[in-house]
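Q: My structure file data-v3.cif, mmCIF, C-alpha atoms (C1' of nucleotides), is below:
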```
data_coords
loop_
_atom_site.label_atom_id
_atom_site.label_comp_id
_atom_site.auth_asym_id
_atom_site.auth_seq_id
_atom_site.Cartn_x
_atom_site.Cartn_y
_atom_site.Cartn_z
CA MET A 1 0.00 0.00 0.00
CA LEU A 2 2.90 2.27 -0.68
CA ARG A 3 3.86 2.43 2.93
CA LEU A 4 7.13 3.52 4.47
CA SER A 5 9.11 0.81 6.16
CA ARG A 6 8.94 0.73 9.90
CA MET A 7 12.63 1.52 10.03
CA THR A 8 12.04 4.81 8.28
CA ASP A 9 9.16 5.54 10.55
CA TYR A 10 11.33 4.91 13.60
CA SER A 11 14.15 6.96 12.16
CA VAL A 12 12.01 10.01 11.62
CA LEU A 13 10.65 9.71 15.10
CA VAL A 14 14.10 9.46 16.67
CA LEU A 15 15.51 12.27 14.58
CA SER A 16 12.57 14.44 15.44
CA ARG A 17 13.32 13.88 19.09
CA MET A 18 16.97 14.74 18.59
CA ALA A 19 16.06 17.90 16.71
CA ALA A 20 14.38 19.23 19.83
CA GLN A 21 17.86 19.59 21.40
CA PRO A 22 20.20 19.97 18.46
CA GLU A 23 23.45 20.24 20.42
CA GLN A 24 22.67 17.43 22.79
CA LEU A 25 24.54 14.13 22.65
CA PHE A 26 22.20 11.17 23.01
CA THR A 27 23.03 7.51 23.55
CA ALA A 28 21.11 4.96 21.55
CA ALA A 29 19.60 3.55 24.71
CA ALA A 30 18.41 6.95 25.87
CA LEU A 31 16.72 7.66 22.56
CA ALA A 32 15.05 4.28 22.60
CA HIS A 33 13.69 4.99 26.02
CA MET A 34 12.54 8.49 25.16
CA THR A 35 10.68 7.36 22.09
CA ALA A 36 9.42 4.12 23.65
CA LEU A 37 10.78 2.16 20.71
CA PRO A 38 12.62 -1.19 20.89
CA ALA A 39 16.22 -0.50 21.86
CA PRO A 40 18.09 -2.83 19.47
CA THR A 41 16.16 -1.54 16.52
CA VAL A 42 16.79 2.08 17.40
CA ALA A 43 20.48 1.29 17.76
CA LYS A 44 20.49 -0.28 14.34
CA ALA A 45 18.70 2.66 12.80
CA LEU A 46 21.18 5.10 14.30
CA LYS A 47 24.09 3.16 12.87
CA THR A 48 22.56 3.44 9.45
CA LEU A 49 21.89 7.13 9.89
CA ALA A 50 25.48 7.66 11.01
CA ARG A 51 26.80 5.96 7.89
CA ALA A 52 24.65 8.29 5.81
CA ASN A 53 26.01 11.27 7.71
CA ILE A 54 22.59 12.31 8.94
CA VAL A 55 23.77 11.98 12.51
CA VAL A 56 27.31 12.14 13.85
CA SER A 57 28.48 9.44 16.21
CA GLU A 58 30.89 9.87 19.09
CA ARG A 59 32.44 6.58 20.08
CA GLY A 60 33.81 5.53 23.41
CA SER A 61 32.67 5.57 26.95
CA SER A 62 30.72 8.81 26.91
CA GLY A 63 29.74 8.62 23.30
CA GLY A 64 26.44 9.00 21.55
CA TYR A 65 24.77 10.63 18.59
CA LEU A 66 23.85 14.12 17.51
CA LEU A 67 22.36 15.64 14.40
CA ALA A 68 24.86 16.33 11.65
CA HIS A 69 22.81 19.16 10.17
CA ALA A 70 20.07 21.61 11.09
CA ALA A 71 16.61 20.06 11.08
CA ALA A 72 15.56 22.29 8.20
CA ASP A 73 18.37 20.87 6.07
CA ILE A 74 17.39 17.23 6.54
CA THR A 75 14.65 16.20 4.15
CA VAL A 76 12.42 13.19 4.50
CA GLY A 77 13.66 12.03 1.12
CA THR A 78 17.19 11.91 2.46
CA ILE A 79 16.12 9.86 5.44
CA ILE A 80 14.19 7.40 3.33
CA ALA A 81 17.07 7.01 0.93
CA ALA A 82 19.47 6.36 3.79
CA VAL A 83 17.33 3.82 5.58
CA ASP A 84 15.47 2.07 2.79
CA GLY A 85 17.81 2.64 -0.09
CA PRO A 86 17.25 4.91 -3.07
CA VAL A 87 13.67 5.72 -3.84
CA ALA A 88 12.68 4.00 -7.07
CA LEU A 89 9.05 3.16 -7.50
CA VAL A 90 9.89 0.53 -10.07
CA ALA A 91 13.15 -1.22 -10.72
CA CYS A 92 13.72 0.24 -14.17
CA ALA A 93 13.38 3.82 -13.12
CA ASP A 94 16.19 6.28 -12.60
CA GLY A 95 18.78 4.58 -14.75
CA VAL A 96 19.11 1.34 -12.84
CA GLU A 97 20.46 -1.22 -15.28
CA GLY A 98 20.39 -4.97 -15.45
CA GLN A 99 17.46 -5.37 -13.08
CA CYS A 100 14.98 -6.47 -15.67
CA ALA A 101 15.14 -9.60 -17.76
CA VAL A 102 13.67 -8.08 -20.89
CA GLU A 103 15.00 -4.62 -20.27
CA ASN A 104 15.66 -3.84 -23.88
CA LEU A 105 12.23 -4.96 -25.03
CA CYS A 106 10.31 -3.26 -22.28
CA PRO A 107 7.92 -0.73 -23.79
CA MET A 108 7.47 1.10 -20.51
CA ARG A 109 11.15 1.83 -20.29
CA GLY A 110 11.62 5.45 -19.32
CA HIS A 111 7.93 6.11 -18.90
CA TRP A 112 8.01 5.76 -15.17
CA ASP A 113 10.40 8.63 -14.78
CA PRO A 114 7.83 11.46 -14.56
CA LEU A 115 6.02 9.68 -11.77
CA ASN A 116 9.22 8.81 -9.99
CA GLN A 117 10.37 12.39 -10.24
CA ALA A 118 7.09 13.74 -8.93
CA VAL A 119 7.27 11.54 -5.87
CA LEU A 120 10.92 12.35 -5.34
CA ASN A 121 10.19 16.05 -5.38
CA ALA A 122 7.42 15.59 -2.88
CA LEU A 123 9.74 13.81 -0.49
CA GLU A 124 12.46 16.40 -0.87
CA SER A 125 10.04 19.22 -0.20
CA VAL A 126 9.39 18.15 3.39
CA SER A 127 12.15 18.64 5.97
CA LEU A 128 12.57 17.28 9.44
CA ALA A 129 11.80 20.76 10.75
CA ASP A 130 8.44 20.61 9.01
CA MET A 131 7.59 17.48 10.88
CA MET A 132 8.97 18.47 14.25
CA VAL A 133 6.79 18.17 17.24
CA ALA A 134 6.41 21.16 19.51
CA ASP A 135 5.67 18.92 22.49
CA TYR A 136 9.22 17.75 22.65
CA ALA A 137 10.59 21.23 23.21
CA VAL A 138 8.80 21.54 26.52
CA ALA A 139 8.69 17.96 27.76
CA SER A 140 11.60 16.23 29.48
CA THR A 141 14.32 18.73 28.83
CA ARG A 142 16.26 17.39 31.77
CA GLN A 143 18.59 14.59 30.86
CA GLU A 144 18.57 12.89 34.26
CA ASP A 145 15.07 11.55 33.70
CA THR A 146 16.01 9.61 30.72
CA GLN A 147 19.70 8.92 31.06
CA LYS A 148 19.62 6.48 33.94
CA THR A 149 16.15 5.06 34.03
CA PRO A 150 16.00 1.44 32.97
CA ILE A 151 14.87 0.63 29.47
CA ALA A 152 11.32 -0.64 29.25
CA LYS A 153 11.29 -4.43 29.31
CA THR A 154 8.44 -4.84 26.90
CA PRO A 155 9.03 -3.19 23.57
CA ILE A 156 6.03 -1.04 22.83
CA GLU A 157 4.49 -1.09 19.42
CA PHE A 158 4.63 2.59 18.80
CA ARG A 159 3.14 2.67 15.40
CA LEU A 160 1.66 -0.27 13.56
CA MET B 1 12.77 1.23 -0.66
CA LEU B 2 9.43 2.84 -1.27
CA ARG B 3 8.73 0.62 -4.22
CA LEU B 4 5.44 -0.09 -5.89
CA SER B 5 4.15 -3.62 -5.59
CA ARG B 6 4.60 -5.83 -8.60
CA MET B 7 0.84 -6.04 -8.93
CA THR B 8 0.63 -2.30 -9.43
CA ASP B 9 3.45 -2.45 -11.91
CA TYR B 10 1.64 -5.15 -13.87
CA SER B 11 -1.62 -3.26 -13.71
CA VAL B 12 -0.17 -0.09 -15.16
CA LEU B 13 1.45 -2.08 -17.91
CA VAL B 14 -1.77 -3.86 -18.82
CA LEU B 15 -3.85 -0.70 -18.65
CA SER B 16 -1.34 1.10 -20.78
CA ARG B 17 -1.73 -1.57 -23.39
CA MET B 18 -5.50 -1.34 -23.25
CA ALA B 19 -5.36 2.43 -23.59
CA ALA B 20 -3.78 2.02 -27.01
CA GLN B 21 -7.14 0.73 -28.26
CA PRO B 22 -9.71 2.25 -25.94
CA GLU B 23 -12.82 0.72 -27.49
CA GLN B 24 -11.34 -2.72 -27.87
CA LEU B 25 -12.50 -5.62 -25.73
CA PHE B 26 -9.60 -7.72 -24.49
CA THR B 27 -9.65 -11.09 -22.80
CA ALA B 28 -7.39 -11.58 -19.81
CA ALA B 29 -5.43 -14.23 -21.69
CA ALA B 30 -4.86 -11.95 -24.65
CA LEU B 31 -3.59 -9.15 -22.45
CA ALA B 32 -1.27 -11.53 -20.64
CA HIS B 33 0.14 -12.65 -23.93
CA MET B 34 0.54 -9.16 -25.30
CA THR B 35 2.37 -7.93 -22.25
CA ALA B 36 4.33 -11.15 -21.75
CA LEU B 37 3.18 -11.29 -18.15
CA PRO B 38 2.06 -14.44 -16.28
CA ALA B 39 -1.53 -15.13 -17.24
CA PRO B 40 -3.08 -16.02 -13.87
CA THR B 41 -1.64 -12.92 -12.29
CA VAL B 42 -2.90 -10.65 -15.03
CA ALA B 43 -6.32 -12.23 -14.63
CA LYS B 44 -6.20 -11.53 -10.93
CA ALA B 45 -5.17 -7.95 -11.47
CA LEU B 46 -7.98 -7.37 -13.95
CA LYS B 47 -10.53 -8.68 -11.49
CA THR B 48 -9.31 -6.19 -8.95
CA LEU B 49 -9.37 -3.36 -11.48
CA ALA B 50 -12.91 -4.30 -12.46
CA ARG B 51 -14.05 -4.13 -8.85
CA ALA B 52 -12.55 -0.65 -8.63
CA ASN B 53 -14.36 0.36 -11.80
CA ILE B 54 -11.15 1.18 -13.62
CA VAL B 55 -12.00 -1.38 -16.27
CA VAL B 56 -15.40 -2.72 -17.24
CA SER B 57 -15.85 -6.46 -17.58
CA GLU B 58 -18.12 -8.26 -20.01
CA ARG B 59 -18.89 -11.76 -18.89
CA GLY B 60 -19.81 -14.74 -20.95
CA SER B 61 -18.46 -16.48 -23.95
CA SER B 62 -17.18 -13.49 -25.87
CA GLY B 63 -16.44 -11.40 -22.83
CA GLY B 64 -13.39 -9.46 -21.79
CA TYR B 65 -12.30 -6.15 -20.39
CA LEU B 66 -12.15 -2.57 -21.61
CA LEU B 67 -11.20 0.72 -20.00
CA ALA B 68 -13.97 2.34 -18.01
CA HIS B 69 -12.62 5.86 -18.54
CA ALA B 70 -10.39 7.79 -20.88
CA ALA B 71 -6.70 7.25 -20.21
CA ALA B 72 -6.29 10.89 -19.23
CA ASP B 73 -8.88 10.44 -16.50
CA ILE B 74 -7.20 7.48 -14.84
CA THR B 75 -4.45 8.59 -12.48
CA VAL B 76 -1.66 6.45 -11.17
CA GLY B 77 -2.84 7.25 -7.68
CA THR B 78 -6.19 5.67 -8.46
CA ILE B 79 -4.54 2.53 -9.77
CA ILE B 80 -2.29 2.19 -6.75
CA ALA B 81 -5.19 2.71 -4.39
CA ALA B 82 -7.23 0.05 -6.19
CA VAL B 83 -4.50 -2.57 -6.29
CA ASP B 84 -2.52 -1.96 -3.13
CA GLY B 85 -5.11 -0.29 -0.98
CA PRO B 86 -5.21 3.34 0.08
CA VAL B 87 -1.92 5.18 0.00
CA ALA B 88 -0.83 5.93 3.54
CA LEU B 89 2.84 6.29 4.17
CA VAL B 90 2.38 5.56 7.83
CA ALA B 91 -0.50 3.93 9.59
CA CYS B 92 -1.56 6.99 11.56
CA ALA B 93 -1.86 9.27 8.59
CA ASP B 94 -5.07 10.37 6.94
CA GLY B 95 -7.40 9.73 9.80
CA VAL B 96 -6.95 6.00 10.18
CA GLU B 97 -7.92 5.17 13.74
CA GLY B 98 -7.12 2.34 16.07
CA GLN B 99 -4.03 1.21 14.23
CA CYS B 100 -1.57 2.40 16.81
CA ALA B 101 -1.25 1.11 20.35
CA VAL B 102 -0.36 4.44 21.90
CA GLU B 103 -2.30 6.52 19.47
CA ASN B 104 -3.33 9.15 21.93
CA LEU B 105 0.18 9.64 23.29
CA CYS B 106 1.90 9.70 19.94
CA PRO B 107 3.65 13.03 19.52
CA MET B 108 3.95 12.62 15.77
CA ARG B 109 0.22 12.36 15.41
CA GLY B 110 -0.88 14.52 12.53
CA HIS B 111 2.63 15.52 11.55
CA TRP B 112 2.85 13.01 8.75
CA ASP B 113 -0.04 14.59 6.91
CA PRO B 114 1.92 17.19 4.91
CA LEU B 115 4.23 14.51 3.59
CA ASN B 116 1.40 12.16 2.87
CA GLN B 117 -0.46 14.88 1.06
CA ALA B 118 2.56 15.81 -1.02
CA VAL B 119 3.02 12.25 -2.19
CA LEU B 120 -0.67 11.83 -2.83
CA ASN B 121 -0.71 14.93 -5.02
CA ALA B 122 2.27 13.65 -6.95
CA LEU B 123 0.50 10.38 -7.68
CA GLU B 124 -2.71 12.11 -8.70
CA SER B 125 -0.85 14.41 -11.04
CA VAL B 126 0.24 11.61 -13.37
CA SER B 127 -2.38 9.96 -15.55
CA LEU B 128 -2.31 6.79 -17.57
CA ALA B 129 -2.17 8.92 -20.70
CA ASP B 130 1.05 10.49 -19.42
CA MET B 131 2.62 7.07 -19.17
CA MET B 132 1.29 5.65 -22.40
CA VAL B 133 3.66 4.10 -24.80
CA ALA B 134 3.57 5.16 -28.41
CA ASP B 135 4.95 1.82 -29.57
CA TYR B 136 1.72 0.10 -28.76
CA ALA B 137 -0.29 2.21 -31.14
CA VAL B 138 1.58 0.83 -34.11
CA ALA B 139 2.47 -2.67 -33.01
CA SER B 140 0.07 -5.62 -33.21
CA THR B 141 -3.12 -3.80 -33.92
CA ARG B 142 -4.63 -6.94 -35.37
CA GLN B 143 -6.43 -9.03 -32.86
CA GLU B 144 -5.90 -12.35 -34.59
CA ASP B 145 -2.23 -12.43 -33.63
CA THR B 146 -2.96 -12.37 -30.00
CA GLN B 147 -6.37 -13.87 -29.65
CA LYS B 148 -5.53 -17.39 -30.60
CA THR B 149 -1.84 -17.83 -30.06
CA PRO B 150 -1.00 -20.00 -27.07
CA ILE B 151 0.10 -18.34 -23.88
CA ALA B 152 3.80 -18.52 -23.22
CA LYS B 153 4.58 -21.55 -21.11
CA THR B 154 7.32 -19.99 -19.08
CA PRO B 155 6.22 -16.90 -17.19
CA ILE B 156 8.66 -14.18 -18.02
CA GLU B 157 10.04 -11.98 -15.31
CA PHE B 158 9.10 -8.75 -16.87
CA ARG B 159 10.35 -6.37 -14.28
CA LEU B 160 12.26 -7.30 -11.19
"C1'" DA C 1 -26.35 -27.95 -24.20
"C1'" DT C 2 -21.69 -26.58 -24.79
"C1'" DA C 3 -17.78 -23.75 -24.78
"C1'" DA C 4 -15.54 -19.66 -23.37
"C1'" DA C 5 -15.05 -16.21 -20.46
"C1'" DT C 6 -15.10 -13.58 -15.81
"C1'" DA C 7 -15.90 -13.76 -10.30
"C1'" DG C 8 -14.25 -14.99 -6.18
"C1'" DA C 9 -12.13 -17.50 -2.69
"C1'" DA C 10 -8.61 -20.43 -0.81
"C1'" DC C 11 -4.05 -21.90 -0.76
"C1'" DC C 12 1.06 -22.56 -0.87
"C1'" DG C 13 5.74 -20.87 -1.52
"C1'" DA C 14 9.00 -17.35 -1.78
"C1'" DT C 15 10.53 -13.04 -0.74
"C1'" DT C 16 11.08 -9.36 2.27
"C1'" DT C 17 11.34 -7.17 6.59
"C1'" DA C 18 11.67 -6.62 11.58
"C1'" DA C 19 14.09 -7.73 15.40
"C1'" DT C 20 17.74 -9.79 17.99
"C1'" DC C 21 22.33 -11.26 19.07
"C1'" DC C 22 27.26 -11.53 18.94
"C1'" DT C 23 31.95 -10.03 18.28
"C1'" DG C 24 35.14 -6.32 17.61
"C1'" DA C 25 36.77 -1.47 18.03
"C1'" DT C 26 37.03 3.00 20.41
"C1'" DT C 27 37.28 6.08 24.27
"C1'" DG C 28 36.76 8.14 28.89
"C1'" DG C 29 37.41 7.48 33.76
"C1'" DC C 30 39.53 5.32 37.65
"C1'" DG D 1 47.03 0.48 32.38
"C1'" DC D 2 42.73 -1.53 33.12
"C1'" DC D 3 37.78 -1.49 33.03
"C1'" DA D 4 33.34 -0.12 31.68
"C1'" DA D 5 30.43 2.04 28.43
"C1'" DT D 6 29.44 2.87 23.87
"C1'" DC D 7 29.33 2.54 18.80
"C1'" DA D 8 30.34 -0.60 14.32
"C1'" DG D 9 29.14 -4.28 11.61
"C1'" DG D 10 27.73 -8.65 10.40
"C1'" DA D 11 25.06 -12.98 11.05
"C1'" DT D 12 20.96 -15.04 12.24
"C1'" DT D 13 16.23 -16.02 13.16
"C1'" DA D 14 11.23 -15.22 13.22
"C1'" DA D 15 7.28 -13.15 11.33
"C1'" DA D 16 4.60 -10.83 7.98
"C1'" DT D 17 3.64 -9.86 3.34
"C1'" DC D 18 3.17 -10.66 -1.42
"C1'" DG D 19 3.25 -13.11 -5.78
"C1'" DG D 20 1.45 -16.72 -8.09
"C1'" DT D 21 -1.53 -20.80 -8.70
"C1'" DT D 22 -5.62 -23.47 -8.64
"C1'" DC D 23 -10.45 -24.59 -8.16
"C1'" DT D 24 -15.36 -23.85 -8.32
"C1'" DA D 25 -19.27 -21.06 -9.58
"C1'" DT D 26 -21.56 -17.87 -12.71
"C1'" DT D 27 -22.57 -15.71 -17.04
"C1'" DT D 28 -23.44 -15.58 -22.04
"C1'" DA D 29 -22.91 -16.39 -27.09
"C1'" DT D 30 -23.37 -19.98 -30.40
#
```
Write the structure described by the file as structure tokens, please.
A:
Amino acid sequence: MLRLSRMTDYSVLVLSRMAAQPEQLFTAAALAHMTALPAPTVAKALKTLARANIVVSERGSSGGYLLAHAAADITVGTIIAAVDGPVALVACADGVEGQCAVENLCPMRGHWDPLNQAVLNALESVSLADMMVADYAVASTRQEDTQKTPIAKTPIEFRL
Amino acid sequence: MLRLSRMTDYSVLVLSRMAAQPEQLFTAAALAHMTALPAPTVAKALKTLARANIVVSERGSSGGYLLAHAAADITVGTIIAAVDGPVALVACADGVEGQCAVENLCPMRGHWDPLNQAVLNALESVSLADMMVADYAVASTRQEDTQKTPIAKTPIEFRL
DNA sequence: ATAAATAGAACCGATTTAATCCTGATTGGC
DNA sequence: GCCAATCAGGATTAAATCGGTTCTATTTAT
């Protein structure tokens, strides 16, 4: 049903939380707790986001993650591409070669591009700042709440 | 990777073929042969499209399918919605209720809408006519080629 | 009546995805 | 210098989804 993967969903949620305190260094566990998402999955998502240079990671004992750019400069399209791979509605679009058995015979070849481009533009037009949640700015600004409290045992299904 | 389902891909391909001869009645088998797609799957897709009133079906011995509207009036968004269900990038978008365990607490609630709307507009902005393939208009206009030739035994992977 | 076609449901297999776990590398604090 | 905390990356497993097939019933022209 043309749905985003759960990983992307999680990623946006986590990044949105981080954007509320742009300079703050967060550990993966802390973010998992704050968003009520399963810890291992959040950790995995952050690794991917770090590789894509959407967040910056600090290794070592007091390490963690922080946003690599301003929230307004991070588009949803970028996040999706980083987590789910490049956006291509069908395999033949955007110059991908060798994915289709009868590539050379395919009469639709190239005709998907307008659609693909339209969707791509839509995704690039929405930034993380556009999706940010005001609630976060006021709620739980103190780190002590979240830093040392134990992670929830039961992973909560945050979004279907 | 935000990819269309193969069913949608097939559907667009079949509809595009039908649009080349708008008044023509096609059997499911003929369309499968003409597009080199697996016959049972094309048949299944056409049933779905008929239910959504994108094509009209004629039952009985000399039955078949034909487009219910002009190609310019059938948008890709409509096709996707018919085949894959309503487009909703995340479960909470567009007023779907009861899909999320912590719905009322979810801070992102409502913030997906701009993105969802942008994508939806993109899909509605491209019609079947925009994607039509000129090749079809000239190739195999005669029905006799396709009507009686046996269906290909080996289903061809048309698009990954 | 018979043949040819769609309607619809049920079913299996394969692919994809979510989630977890483990091992290794890095860094700060004691 | 050692230890604990944290990120990096891959391997693995379990679950959900989707593609494809098949079967039976219904419709209609000949």
Q: What are the closest atom pairs, with distances in Å to one decimal, for all residues of chain C lying within 10 Å of chain B? Consider only C-alpha atoms (C1' of nucleotides), order rows by chain and residue number, and present the result as JSON lines.
A:
```
{"residue": "C:DA3", "atom": "C1'", "partner": "B:Ser61", "partner_atom": "CA", "distance": 7.3}
{"residue": "C:DA4", "atom": "C1'", "partner": "B:Ser61", "partner_atom": "CA", "distance": 4.4}
{"residue": "C:DA5", "atom": "C1'", "partner": "B:Ser61", "partner_atom": "CA", "distance": 4.9}
{"residue": "C:DT6", "atom": "C1'", "partner": "B:Arg59", "partner_atom": "CA", "distance": 5.2}
{"residue": "C:DA7", "atom": "C1'", "partner": "B:Lys47", "partner_atom": "CA", "distance": 7.5}
{"residue": "C:DG8", "atom": "C1'", "partner": "B:Lys47", "partner_atom": "CA", "distance": 9.0}
```
Q: Next, write the just-selected residues to a file, as a PDB file, keeping the file's coordinate frame, keeping C-alpha atoms (C1' of nucleotides) as the atom set.
A:
```
ATOM      1  C1'  DA C   3     -17.780 -23.750 -24.780  1.00  0.00           C
ATOM      2  C1'  DA C   4     -15.540 -19.660 -23.370  1.00  0.00           C
ATOM      3  C1'  DA C   5     -15.050 -16.210 -20.460  1.00  0.00           C
ATOM      4  C1'  DT C   6     -15.100 -13.580 -15.810  1.00  0.00           C
ATOM      5  C1'  DA C   7     -15.900 -13.760 -10.300  1.00  0.00           C
ATOM      6  C1'  DG C   8     -14.250 -14.990  -6.180  1.00  0.00           C
TER       7       DG C   8
END
```
Q: Could you write out as an MDAnalysis selection string the residues that the PyMOL selection byres ((chain D) within 10 of (chain B)) matches in the shown file?
A: chainID D and resid 18:22 26:30
Q: Find the residues near stretch 10-16 of chain D: any atom within 10 Å, counting only C-alpha atoms (C1' of nucleotides), skip ones fewer than 6 places away on the same chain, and give them as a PyMOL selection string.
A: chain C and resi 16-23
Q: Report the distance between atom CA of A:Ala82 and atom CA of A:Thr8 in Å, rounded to one decimal place.
A: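 Going from atom CA of A:Ala82 over to atom CA of A:Thr8, I get 8.8 Å.
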Q: Return the padded bounding box of stretch 75-78 of chain B as JSON: axis-aligned, built from all atoms listed in the file, 6 Å added on each side, with centre and edge lengths in Å to one decimal.
A:
```
{"center_x": -3.9, "center_y": 7.1, "center_z": -10.1, "size_x": 16.5, "size_y": 14.9, "size_z": 16.8}
```
Q: Between atom CA of A:Leu115 and atom CA of B:Pro86, what is the spacing in Å?
A: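 The value is 17.5 Å.
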Q: Determine the nearest neighbour of chain B from the options A:His69, A:Ala19, A:Ala129, A:Ala122, counting only C-alpha atoms.
A: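 For chain B, the nearest of the candidates is A:Ala122.
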Q: Using only C-alpha atoms for the distances, tell me which of B:Leu89, B:Met132, B:Leu66, B:Ala32 is nearest to chain A.
A: B:Leu89
Q: With only C-alpha atoms (C1' of nucleotides) as the basis for distance, which of C:DC30, C:DA14, C:DA25, C:DA9 is at the shortest distance from D:DT24?
A: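 Comparing C:DC30, C:DA14, C:DA25, C:DA9 against D:DT24, the winner is C:DA9.
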Q: Check what the PyMOL selection byres ((chain A and resi 67) around 8) selects in the file above and give those residues as a list in words.
A: Leu15, Met18, Ala19, Pro22, Glu23, Ile54, Val55, Val56, Tyr65, Leu66, Ala68, His69, Ala70 and Ala71 of chain A
Q: Please write the residues picked by the PyMOL selection byres ((chain A and resi 80) around 12) on this file as a PyMOL selection string.
A: (chain A and resi 3-12+45+48-49+52+54+74-79+81-88+120+123-124+126-128) or (chain B and resi 1-3+89)
Q: Pick the closest to chain B from A:Asp113, A:Asn53, A:Val90, A:Ala30: which is it, counting only C-alpha atoms?
A: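 Selected residue with least distance to chain B: A:Val90.
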Q: With all atoms listed in the file as the basis for distance, which of A:Asn116, A:Val14, A:His111, A:Leu37 is at the shortest distance from chain B?
A: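 Checking each of A:Asn116, A:Val14, A:His111, A:Leu37 against chain B, counting all atoms listed in the file, the winner is A:His111.
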Q: Of the candidates B:Val42, B:Ala36, B:Leu25, B:Ala50, which one gets nearest to chain A if we count all atoms listed in the file?
A: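 That would be B:Ala36, the residue with the smallest distance to chain A.
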Q: Could you work out how far atom CA of B:Thr35 lies from atom C1' of C:DT15, giving the answer in Å with one decimal?
A: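 Result for atom C1' of C:DT15 versus atom CA of B:Thr35: 23.6 Å, one decimal.
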